[in-house]
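Participant: Sharing data.txt, compact mmCIF, C-alpha atoms:
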```txt
# COMPACT_ATOMS: atom_id res chain seq x y z
CA MET S 1 129.30 146.71 52.26
CA GLU S 2 126.94 144.01 53.56
CA GLN S 3 128.60 144.23 56.98
CA HIS S 4 128.07 148.00 56.99
CA VAL S 5 124.33 147.56 56.23
CA LYS S 6 123.99 145.04 59.09
CA LEU S 7 125.74 147.45 61.46
CA VAL S 8 123.42 150.29 60.46
CA LYS S 9 120.33 148.09 60.90
CA ASN S 10 121.50 146.92 64.33
CA LEU S 11 122.25 150.48 65.43
CA MET S 12 118.83 151.64 64.25
CA LYS S 13 117.15 148.76 66.11
CA ALA S 14 119.06 149.65 69.26
CA ALA S 15 118.08 153.31 68.92
CA LEU S 16 114.43 152.38 68.38
CA ALA S 17 114.45 150.01 71.37
CA THR S 18 116.00 152.70 73.57
CA ALA S 19 113.43 155.25 72.42
CA LEU S 20 110.55 152.87 73.12
CA LEU S 21 111.87 151.90 76.54
CA SER S 22 112.47 155.51 77.55
CA ALA S 23 109.04 156.70 76.42
CA GLY S 24 106.66 156.26 79.29
CA VAL S 25 104.12 158.00 81.41
CA ALA S 26 105.43 161.23 82.86
CA ASN S 27 106.03 161.11 86.58
CA ALA S 28 103.97 163.29 88.84
CA ALA S 29 105.60 166.25 90.46
CA LEU S 30 105.77 166.67 94.21
CA TYR S 31 104.79 170.17 95.34
CA GLU S 32 105.82 171.65 98.67
CA PHE S 33 103.68 174.23 100.43
CA LYS S 34 105.29 176.40 103.13
CA LEU S 35 103.17 178.78 105.13
CA SER S 36 104.88 181.40 107.28
CA GLY S 37 103.77 184.44 109.24
CA ASP S 38 101.32 184.43 112.14
CA TYR S 39 100.82 180.68 111.62
CA THR S 40 103.43 178.33 110.20
CA ALA S 41 102.88 175.03 108.49
CA SER S 42 104.27 172.93 105.67
CA TRP S 43 102.94 170.02 103.64
CA GLN S 44 103.40 168.29 100.32
CA LEU S 45 100.98 167.25 97.61
CA ASP S 46 101.61 164.99 94.66
CA THR S 47 100.24 166.51 91.45
CA ASP S 48 98.60 163.18 90.61
CA ARG S 49 96.44 163.30 93.75
CA ASP S 50 92.87 164.19 92.93
CA PRO S 51 91.00 166.40 95.37
CA ASP S 52 88.64 164.59 97.71
CA SER S 53 86.00 167.12 96.73
CA SER S 54 85.79 169.97 94.29
CA ASP S 55 83.21 172.60 93.54
CA ASN S 56 83.19 175.11 90.68
CA ASN S 57 81.68 177.63 93.11
CA GLY S 58 84.17 176.96 95.90
CA GLY S 59 87.41 175.21 95.12
CA LEU S 60 89.41 172.06 95.87
CA THR S 61 89.53 170.13 99.13
CA PHE S 62 92.20 167.57 99.99
CA ALA S 63 91.29 165.51 103.07
CA GLU S 64 93.76 164.48 105.77
CA VAL S 65 96.90 165.99 104.25
CA ALA S 66 99.88 165.00 106.38
CA GLY S 67 102.32 167.75 107.23
CA ASN S 68 103.85 169.96 109.88
CA PHE S 69 100.89 171.77 111.42
CA ALA S 70 101.07 173.24 114.92
CA GLY S 71 99.22 170.71 117.09
CA TYR S 72 98.09 168.48 114.19
CA ASP S 73 99.50 165.61 112.17
CA ALA S 74 97.10 166.12 109.27
CA LEU S 75 94.44 168.61 108.22
CA ASP S 76 91.87 169.02 105.47
CA ILE S 77 93.06 171.74 103.09
CA THR S 78 90.74 173.71 100.84
CA PHE S 79 92.07 175.96 98.10
CA PHE S 80 89.38 178.50 97.26
CA ASN S 81 88.81 179.65 93.71
CA SER S 82 88.36 183.26 92.63
CA ALA S 83 84.55 182.97 92.87
CA ILE S 84 85.00 183.31 96.64
CA SER S 85 88.14 185.47 96.64
CA GLY S 86 90.83 182.76 96.55
CA GLY S 87 93.06 181.80 99.46
CA LEU S 88 92.94 178.64 101.51
CA GLN S 89 91.55 177.00 104.61
CA LEU S 90 93.07 174.53 107.08
CA TYR S 91 90.44 172.48 108.90
CA ASP S 92 90.54 169.67 111.46
CA PHE S 93 87.68 167.30 110.67
CA TYR S 94 88.00 165.37 113.94
CA THR S 95 87.58 168.36 116.26
CA ASP S 96 85.45 170.37 113.78
CA ARG S 97 87.88 173.27 114.14
CA TYR S 98 88.91 175.80 111.52
CA VAL S 99 92.65 176.24 112.11
CA LEU S 100 93.10 178.99 109.52
CA THR S 101 91.04 180.66 106.84
CA ALA S 102 93.02 183.09 104.72
CA ASN S 103 92.10 185.30 101.78
CA GLY S 104 94.42 185.75 98.84
CA PRO S 105 94.79 184.88 95.19
CA GLN S 106 93.49 181.70 93.65
CA LEU S 107 96.41 179.29 94.08
CA TYR S 108 95.68 177.06 91.09
CA THR S 109 94.81 177.42 87.45
CA GLY S 110 92.40 175.49 85.29
CA LYS S 111 89.11 173.98 86.26
CA GLU S 112 88.58 172.18 89.53
CA SER S 113 88.36 168.88 87.65
CA ARG S 114 91.71 169.53 85.94
CA HIS S 115 93.69 171.94 88.08
CA GLU S 116 97.37 172.84 88.34
CA PHE S 117 98.88 174.64 91.31
CA THR S 118 100.57 177.95 90.63
CA LEU S 119 104.20 177.98 91.74
CA GLY S 120 105.49 181.04 93.56
CA THR S 121 105.10 183.11 96.71
CA PHE S 122 101.72 184.54 97.72
CA SER S 123 100.56 186.99 100.39
CA LEU S 124 97.51 185.92 102.39
CA THR S 125 95.49 187.68 105.08
CA GLU S 126 93.33 186.13 107.74
CA TYR S 127 89.65 186.06 106.97
CA ALA S 128 87.83 188.17 109.60
CA GLY S 129 91.09 188.71 111.48
CA PHE S 130 94.41 190.48 111.45
CA GLY S 131 96.89 187.70 110.63
CA ASN S 132 99.31 187.98 107.72
CA TYR S 133 100.85 185.00 105.98
CA VAL S 134 103.12 184.09 103.11
CA LEU S 135 102.56 180.85 101.21
CA THR S 136 105.31 179.50 98.98
CA ILE S 137 104.49 176.71 96.53
CA SER S 138 107.48 175.02 94.92
CA ASP S 139 108.09 171.96 92.77
CA LEU S 140 110.45 169.63 94.64
CA ASP S 141 111.18 167.70 91.45
CA ALA S 142 112.35 170.76 89.51
CA LEU S 143 116.05 171.30 88.91
CA PRO S 144 117.50 174.34 90.68
CA ASP S 145 118.87 175.77 87.42
CA PRO S 146 117.38 174.96 84.05
CA VAL S 147 119.83 172.57 82.43
CA GLU S 148 119.18 171.12 79.03
CA VAL S 149 119.53 167.36 79.21
CA PRO S 150 119.03 165.37 76.02
CA GLU S 151 116.16 162.92 75.98
CA PRO S 152 117.26 159.25 76.07
CA ALA S 153 115.98 158.74 72.52
CA SER S 154 118.06 161.69 71.31
CA ALA S 155 121.12 160.33 73.08
CA ALA S 156 120.54 156.94 71.42
CA LEU S 157 120.28 158.54 68.00
CA LEU S 158 123.45 160.51 68.67
CA ALA S 159 125.25 157.30 69.67
CA ALA S 160 123.97 155.57 66.53
CA GLY S 161 125.20 158.45 64.38
CA LEU S 162 128.63 158.39 66.02
CA GLY S 163 128.74 154.63 65.46
CA LEU S 164 128.00 155.13 61.79
CA LEU S 165 130.75 157.73 61.51
CA ALA S 166 133.22 155.40 63.20
CA ALA S 167 132.25 152.52 60.91
CA ARG S 168 132.58 154.70 57.83
CA ARG S 169 135.97 155.98 58.99
CA ARG S 170 137.23 152.41 59.56
CA LYS S 171 136.00 151.47 56.08
CA ASN S 172 137.85 154.44 54.52
CA VAL S 173 141.06 153.63 56.44
CA LYS S 174 141.21 150.09 55.02
```
How would this structure read if it were set down as structure tokens?
Facilitator:
Amino acid sequence: MEQHVKLVKNLMKAALATALLSAGVANAALYEFKLSGDYTASWQLDTDRDPDSSDNNGGLTFAEVAGNFAGYDALDITFFNSAISGGLQLYDFYTDRYVLTANGPQLYTGKESRHEFTLGTFSLTEYAGFGNYVLTISDLDALPDPVEVPEPASAALLAAGLGLLAARRRKNVK
């Protein structure tokens, strides 16, 4: 019986250690933005990246975002909020050139200080022009199909429970 108690204590310690080691800060997601239509571009933003500027009356601006932009290696990207009709703007700071300004829905939720991009496909139209665009925002870290995977702590508890069952079975066999 004493050996059984030691085994249970050791299994519980192992399960607790596994749970503590697996509990950590959640990793940031990597979002991909693909713009198609009369202008094509693509770029990625990490959800942990704070905007370089934000304004409750305007939106979020991320400076020098690297990506695939026709004729540019990086652009400043502003996501407008609904106060100014949503959409986005691509701007080259170095040449002081607006590459694209497009109207559409607000592409993020929450406040500018604590925003979250909305995943999906959005229709945009050129501001003061005739261009039409489609912007797709996707989470590169998301699984293609939702698959339930047990948390490491749950797996450790399951293993501990199976160990207890095996120990009990061996005890009953003797």
Participant: May I have the residues within 9 Å of Phe80 of chain S as a PyMOL selection string, using all atoms listed in the file and disregarding those fewer than 6 positions away in the same chain?
Facilitator: chain S and resi 57-61+86-89+103-108
Participant: Using all atoms listed in the file, determine which residues lie at most 9 Å from Glu32 of chain S, disregarding the query and same-chain residues fewer than 6 positions distant; provide the list as a list in words.
Facilitator: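 Near Glu32 of chain S, the qualifying residues are Ser42, Trp43, Gln44, Leu45, Asp46, Thr136, Ile137, Ser138, Asp139 and Leu140 of chain S.
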Participant: One number please: atom CA of Phe93 of chain S to atom CA of Glu126 of chain S, in Å, one decimal.
Facilitator: 19.9 Å
Participant: Between atom CA of Ser54 of chain S and atom CA of Ser36 of chain S, measure the distance and give it in Å to one decimal.
Facilitator: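 These atoms are spaced 25.8 Å apart.
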Participant: Between atom CA of Glu64 of chain S and atom CA of Asp92 of chain S, what is the distance, to one decimal in Å?
Facilitator: 8.3 Å
Participant: Which is closer to Leu124 of chain S than all the others in S:Ala142, S:Leu35, S:Leu90, S:Ala70, using all atoms listed in the file?
Facilitator: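 Of all the options, S:Leu35 lies closest to Leu124 of chain S.
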Participant: Between S:Gly129, S:Pro51, S:Pro152, S:Gly67, which one has atoms that come closest to Leu100 of chain S, using all atoms listed in the file?
Facilitator: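 Ranked by minimum distance to Leu100 of chain S, first place goes to S:Gly129.
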Participant: So, counting all atoms listed in the file, which residue among S:Thr125, S:Asn56, S:Asn132, S:Thr47 is closest to Ala83 of chain S?
Facilitator: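 Once distances to Ala83 of chain S are computed over all atoms listed in the file, the minimum belongs to S:Asn56.
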Participant: Between S:Asp141, S:Tyr133, S:Asp55, S:Ser85, which one has atoms that come closest to Lys111 of chain S, using all atoms listed in the file?
Facilitator: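 Of S:Asp141, S:Tyr133, S:Asp55, S:Ser85, the one nearest Lys111 of chain S is S:Asp55, counting all atoms listed in the file.
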Participant: Could you tell me which of S:Ser53, S:Thr101, S:Thr95, S:Thr118 comes closest to Phe130 of chain S if we count all atoms listed in the file?
Facilitator: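 Closest to Phe130 of chain S of all the choices is S:Thr101.
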